[in-house]
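Beneath this line is the structure, given in structure tokens, with notes to follow.
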Amino acid sequence: MENKIFYQDAYIKSFTAQVMNQGKDSDGKYYIVLDQTAFYPTGGGQPHDMGTIENIKVLNVEDAEGEVRHYLESDLQDVSSPVYGVIDWDRRYDHMQQHAGQHILSAAFEQLYGYKTIGFHLGNEMLTIDLETANLLELEAVKVEELANQIILENRPIETKWVTEDELVHYDLRKETKVKEDIRLVIIPNFDYNGCGGTHPKATGEVQAIKIVDWERQKKKVRVQFVCGNRVVKQFAQKNKVLMELTKLLNAPEKDMVEAVTRLLENSKSMEKELEQSRESLLHNEAKSLLEKGKSENRIVSGVFQNRSIQELQKLARIIIAEDEETIVLIVSQNENRLQLVCARGPAETASMKKVMGNALSTINGKGGGSDAFAQGGGEALISGEQMLQHLLELIQ
Ligand SMILES: [Zn+2]
């Protein structure tokens, strides 16, 4: 523990050290071990530090086999001279704010409602804690957030203390400690007593702010999303930007925005419905005129279309054969480099549309299916739409 100097002072941003050894892990990744380090290794829900050692990027820091391994982007050339390490302070300080914020929030949930924290995740954007409760009310979340921010405002000290297992009885711990030796308590006097190996600021004021963002029920627990510290400011800025753009787009002030969007969605729904009805009546008109034309062509209704959806053409065919049961419908649609076909017949006809379709598709590497009465498919536009229709007419004859 003595060589982890972030435990003596969490604010050390740079340091010098001697290389104790270097090696490669089972994945062939190069690392060095130092006689002392300010780099925090992944642990206790807090991600590892980044930064540089001798200007070489530190990609990862892990606690393994009793040593802190600093994984470097490239090999260190000189391992006998002292090395200079610099912590990526923005990243670390963010972690300190988030981690301490989590302590405060978890303690507030427990103090006000007895909801125990049974899980914690510190992500790049968002943090989550899992609460041991089946439900969380909006009012409870508001009250907890209020208390947490009050604790921040009071700028209470955040103390750390190394204790033995026997000494633990003197503290009202929020949860049982995982380790049995080198037990480190993080204490916010008269508020939270908790075993933790992470890095924290020296007072709650540095957490800056806590905002609960959302929560969801998961089986017997509730997962709460929140942010602390500068993330609150950053995310407020992002959300504000989106909101400002939306107020312009919707021409509505922020407070009326939900109403404006609801109206917009309702409008679009009713327009969609109208459009659908118009399309339907257009299809019926189209079917009527095709049928009329088909009467002079041996009751074969045929057509070559451009860029029409197969669903629409199927519908068209269905309308036609429903109108006249002695009709055969042959439709080709050309979509860029593809041909799509619909072959259908009224119940009074006997020719197999499935067979005709199979034959036609074999000439254009196509795929399709259907029944003797109604078949559809598509393939490559190896011939023109007109040529394909001609081919279909010949197959029918
Ligand atoms: Zn902690």
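Every chain in the structure tokens has a letter given in the order shown (A, B, ...), and although residue numbers restart at 1 in each chain, ligands are simply numbered from 1 in the order shown.
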
Mind running chain A against ligand 1 at 7 Å and telling me each contacting residue's nearest atom pair with the distance in Å (one decimal), counting only C-alpha atoms and all ligand atoms, chain and number ascending, as a tab-separated table?
```
residue	atom	partner	partner_atom_place_in_ligand_line	distance
A:His99	CA	ligand 1	1 (Zn)	5.4
A:Ala100	CA	ligand 1	1 (Zn)	5.8
A:His103	CA	ligand 1	1 (Zn)	6.3
A:Val186	CA	ligand 1	1 (Zn)	6.6
A:Cys196	CA	ligand 1	1 (Zn)	4.6
A:Gly197	CA	ligand 1	1 (Zn)	6.2
A:Gly198	CA	ligand 1	1 (Zn)	4.6
A:Thr199	CA	ligand 1	1 (Zn)	6.4
A:His200	CA	ligand 1	1 (Zn)	6.5
```

Enumerate, in order of chain and increasing residue number, the residues of range 70-90 of chain A with an atom no farther than 7 Å from range 47-53 of chain A, each with its shortest atom pair and distance in Å to one decimal, counting only C-alpha atoms, as CSV.
```
residue,atom,partner,partner_atom,distance
A:Val83,CA,A:Ile53,CA,6.6
A:Tyr84,CA,A:Ile53,CA,5.6
A:Gly85,CA,A:Ile53,CA,4.2
A:Val86,CA,A:Thr52,CA,5.2
A:Ile87,CA,A:Gly51,CA,4.5
A:Asp88,CA,A:Gly51,CA,4.4
```

Find the spatial neighbours of range 343-352 of chain A, counting only C-alpha atoms, within a cut-off of 12 Å - ignore same-chain residues fewer than 3 positions away - and output them as a VMD selection string. chain A and resid 299 to 303 310 313 to 333 340 355 to 361 368 to 378 389 392 to 393 395 to 397

Selection: 12 Å around Leu249 in chain A, only C-alpha atoms, excl. self and same-chain fewer than 6 positions, as a VMD selection string: chain A and resid 242 to 243 257 260 to 261 264

For the residues in that selection, give me C-alpha atoms as a compact mmCIF listing (two decimals), in the first residue's frame.
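So part-v4.txt came out as:
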```txt
# COMPACT_ATOMS: atom_id res chain seq x y z
CA VAL A 242 -30.54 20.07 -28.36
CA LEU A 243 -33.40 21.87 -26.65
CA MET A 257 -42.36 21.68 -26.44
CA ALA A 260 -45.84 20.92 -29.83
CA VAL A 261 -44.27 17.54 -30.52
CA LEU A 264 -46.80 17.24 -34.70
```

Near Ile364 in chain A, counting only C-alpha atoms, which residues have an atom at most 6 Å away, once you skip same-chain residues fewer than 4 positions from it, shown as a PDB file with N, CA and C atoms, in the first residue's frame?
```
ATOM      1  N   GLY A 379     -35.523 -10.545 -59.615  1.00  0.00           N
ATOM      2  CA  GLY A 379     -34.182 -10.969 -60.022  1.00  0.00           C
ATOM      3  C   GLY A 379     -33.420  -9.819 -60.645  1.00  0.00           C
ATOM      4  N   GLU A 380     -32.300 -10.154 -61.289  1.00  0.00           N
ATOM      5  CA  GLU A 380     -31.462  -9.102 -61.883  1.00  0.00           C
ATOM      6  C   GLU A 380     -32.077  -8.606 -63.191  1.00  0.00           C
ATOM      7  N   LEU A 382     -31.434  -8.395 -66.224  1.00  0.00           N
ATOM      8  CA  LEU A 382     -30.568  -8.841 -67.326  1.00  0.00           C
ATOM      9  C   LEU A 382     -31.202  -8.509 -68.673  1.00  0.00           C
TER      10      LEU A 382
END
```

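Closest approach to Ala148 in chain A among A:Pro253, A:Gly44, A:Gly101, A:Gly229: A:Gly101, based on only C-alpha atoms.
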
Which residues are close to Val224 in chain A, i.e. within 12 Å by only C-alpha atoms, leaving aside same-chain residues fewer than 3 positions away? Reply as a short mmCIF file (atom, residue, chain, number, x, y, z; two decimals) with N, CA and C atoms, in the first residue's frame.
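The file below, result_28.cif, is the result:
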```cif
data_model
loop_
_atom_site.label_atom_id
_atom_site.label_comp_id
_atom_site.auth_asym_id
_atom_site.auth_seq_id
_atom_site.Cartn_x
_atom_site.Cartn_y
_atom_site.Cartn_z
N GLN A 102 -21.02 9.19 -5.84
CA GLN A 102 -21.74 7.92 -5.64
C GLN A 102 -21.88 7.58 -4.16
N LEU A 105 -24.65 9.81 -2.83
CA LEU A 105 -25.99 9.44 -3.32
C LEU A 105 -26.46 8.14 -2.66
N SER A 106 -25.56 7.15 -2.60
CA SER A 106 -25.93 5.86 -2.00
C SER A 106 -26.30 6.05 -0.53
N PHE A 109 -29.78 7.66 -0.28
CA PHE A 109 -30.85 6.68 -0.52
C PHE A 109 -31.08 5.82 0.72
N TYR A 115 -32.90 2.25 1.15
CA TYR A 115 -32.57 1.51 -0.08
C TYR A 115 -31.07 1.28 -0.15
N THR A 117 -27.49 0.15 -1.70
CA THR A 117 -26.83 0.07 -3.01
C THR A 117 -26.17 -1.29 -3.13
N ILE A 118 -26.55 -2.04 -4.20
CA ILE A 118 -25.97 -3.38 -4.37
C ILE A 118 -25.16 -3.48 -5.65
N GLY A 119 -25.02 -2.38 -6.37
CA GLY A 119 -24.21 -2.40 -7.58
C GLY A 119 -23.83 -0.98 -7.97
N PHE A 120 -22.68 -0.86 -8.62
CA PHE A 120 -22.19 0.48 -9.02
C PHE A 120 -21.41 0.34 -10.31
N HIS A 121 -21.67 1.26 -11.25
CA HIS A 121 -20.87 1.28 -12.48
C HIS A 121 -20.54 2.72 -12.83
N LEU A 122 -19.25 2.96 -13.07
CA LEU A 122 -18.80 4.30 -13.46
C LEU A 122 -18.44 4.23 -14.94
N MET A 126 -22.12 8.04 -18.17
CA MET A 126 -23.16 7.91 -17.15
C MET A 126 -22.69 6.99 -16.03
N LEU A 127 -23.24 7.21 -14.83
CA LEU A 127 -22.99 6.30 -13.71
C LEU A 127 -24.30 5.62 -13.36
N THR A 128 -24.20 4.42 -12.85
CA THR A 128 -25.41 3.78 -12.34
C THR A 128 -25.13 3.17 -10.97
N ILE A 129 -26.19 3.19 -10.13
CA ILE A 129 -26.17 2.36 -8.93
C ILE A 129 -27.43 1.50 -8.98
N ASP A 130 -27.31 0.29 -8.45
CA ASP A 130 -28.47 -0.58 -8.34
C ASP A 130 -28.96 -0.56 -6.90
N LEU A 131 -30.23 -0.24 -6.74
CA LEU A 131 -30.81 -0.16 -5.40
C LEU A 131 -31.62 -1.41 -5.12
N GLU A 132 -31.51 -1.85 -3.87
CA GLU A 132 -32.25 -3.04 -3.46
C GLU A 132 -33.68 -2.65 -3.09
N THR A 133 -34.46 -2.35 -4.10
CA THR A 133 -35.87 -2.03 -3.90
C THR A 133 -36.59 -2.36 -5.19
N ASN A 135 -39.14 -0.72 -6.31
CA ASN A 135 -39.74 0.46 -6.92
C ASN A 135 -39.11 1.73 -6.37
N LEU A 136 -39.05 2.75 -7.21
CA LEU A 136 -38.56 4.05 -6.76
C LEU A 136 -39.54 5.11 -7.23
N LEU A 137 -40.02 5.91 -6.28
CA LEU A 137 -40.99 6.95 -6.64
C LEU A 137 -40.26 8.22 -7.04
N GLU A 138 -40.91 9.00 -7.88
CA GLU A 138 -40.34 10.27 -8.34
C GLU A 138 -40.01 11.17 -7.14
N ALA A 141 -36.85 10.12 -5.38
CA ALA A 141 -35.65 10.51 -6.14
C ALA A 141 -35.35 11.99 -5.93
N VAL A 144 -33.94 12.53 -2.36
CA VAL A 144 -32.57 12.02 -2.25
C VAL A 144 -31.60 12.96 -2.95
N GLU A 145 -31.99 13.43 -4.11
CA GLU A 145 -31.13 14.35 -4.85
C GLU A 145 -30.92 15.64 -4.06
N LYS A 211 -26.84 14.91 -10.16
CA LYS A 211 -28.15 14.93 -10.84
C LYS A 211 -28.56 13.50 -11.20
N ILE A 212 -29.71 13.11 -10.68
CA ILE A 212 -30.30 11.83 -11.10
C ILE A 212 -30.92 12.05 -12.47
N VAL A 213 -30.57 11.20 -13.41
CA VAL A 213 -31.01 11.39 -14.79
C VAL A 213 -32.25 10.55 -15.11
N ASP A 214 -32.22 9.31 -14.64
CA ASP A 214 -33.31 8.39 -14.98
C ASP A 214 -33.19 7.15 -14.10
N TRP A 215 -34.23 6.33 -14.10
CA TRP A 215 -34.11 5.03 -13.42
C TRP A 215 -35.08 4.05 -14.04
N GLU A 216 -34.74 2.77 -13.89
CA GLU A 216 -35.63 1.74 -14.43
C GLU A 216 -35.66 0.55 -13.48
N ARG A 217 -36.82 -0.12 -13.48
CA ARG A 217 -36.96 -1.30 -12.63
C ARG A 217 -36.35 -2.49 -13.34
N GLN A 218 -35.60 -3.28 -12.60
CA GLN A 218 -35.00 -4.49 -13.13
C GLN A 218 -35.22 -5.62 -12.14
N LYS A 221 -34.72 -5.03 -8.41
CA LYS A 221 -33.92 -3.85 -8.07
C LYS A 221 -34.28 -2.68 -9.00
N VAL A 227 -25.28 11.58 -12.78
CA VAL A 227 -23.96 12.15 -13.06
C VAL A 227 -23.59 13.09 -11.93
#
```

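CA of His170 in chain A is found 12.6 Å from CA of Ile187 in chain A.
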
Could you pull out all residues of range 166-317 of chain A with a DSSP call of strand (DSSP E) and give them as an NGL selection string? :A and (183-188 or 192-195 or 210-218 or 221-228 or 300-306)

Deliver the residues from the most recent selection as a file, using C-alpha atoms, as an mmCIF file, in the first residue's frame.
```cif
data_model
loop_
_atom_site.group_PDB
_atom_site.id
_atom_site.type_symbol
_atom_site.label_atom_id
_atom_site.label_comp_id
_atom_site.auth_asym_id
_atom_site.auth_seq_id
_atom_site.Cartn_x
_atom_site.Cartn_y
_atom_site.Cartn_z
ATOM 1 C CA ILE A 183 -9.152 -1.998 5.160
ATOM 2 C CA ARG A 184 -9.606 1.587 4.089
ATOM 3 C CA LEU A 185 -12.577 3.565 5.264
ATOM 4 C CA VAL A 186 -13.867 6.597 3.440
ATOM 5 C CA ILE A 187 -15.701 8.763 5.904
ATOM 6 C CA ILE A 188 -18.030 11.716 5.562
ATOM 7 C CA ASP A 192 -21.374 7.987 5.524
ATOM 8 C CA TYR A 193 -18.891 5.331 6.662
ATOM 9 C CA ASN A 194 -17.825 3.035 3.914
ATOM 10 C CA GLY A 195 -14.979 0.716 2.982
ATOM 11 C CA ILE A 210 -25.339 15.431 -8.361
ATOM 12 C CA LYS A 211 -28.146 14.933 -10.838
ATOM 13 C CA ILE A 212 -30.296 11.829 -11.098
ATOM 14 C CA VAL A 213 -31.014 11.391 -14.791
ATOM 15 C CA ASP A 214 -33.314 8.389 -14.979
ATOM 16 C CA TRP A 215 -34.111 5.033 -13.419
ATOM 17 C CA GLU A 216 -35.628 1.735 -14.426
ATOM 18 C CA ARG A 217 -36.963 -1.296 -12.631
ATOM 19 C CA GLN A 218 -35.001 -4.490 -13.135
ATOM 20 C CA LYS A 221 -33.922 -3.847 -8.068
ATOM 21 C CA VAL A 222 -33.941 -0.341 -9.471
ATOM 22 C CA ARG A 223 -31.066 0.912 -11.614
ATOM 23 C CA VAL A 224 -30.516 4.638 -11.155
ATOM 24 C CA GLN A 225 -28.611 6.674 -13.733
ATOM 25 C CA PHE A 226 -26.888 9.805 -12.501
ATOM 26 C CA VAL A 227 -23.963 12.145 -13.056
ATOM 27 C CA CYS A 228 -21.792 14.191 -10.740
ATOM 28 C CA ILE A 300 -54.736 -10.194 -69.985
ATOM 29 C CA VAL A 301 -53.894 -7.148 -67.947
ATOM 30 C CA SER A 302 -50.228 -6.312 -68.267
ATOM 31 C CA GLY A 303 -47.920 -3.464 -67.455
ATOM 32 C CA VAL A 304 -44.311 -2.422 -67.028
ATOM 33 C CA PHE A 305 -43.708 0.029 -64.197
ATOM 34 C CA GLN A 306 -40.737 1.931 -62.855
#
```
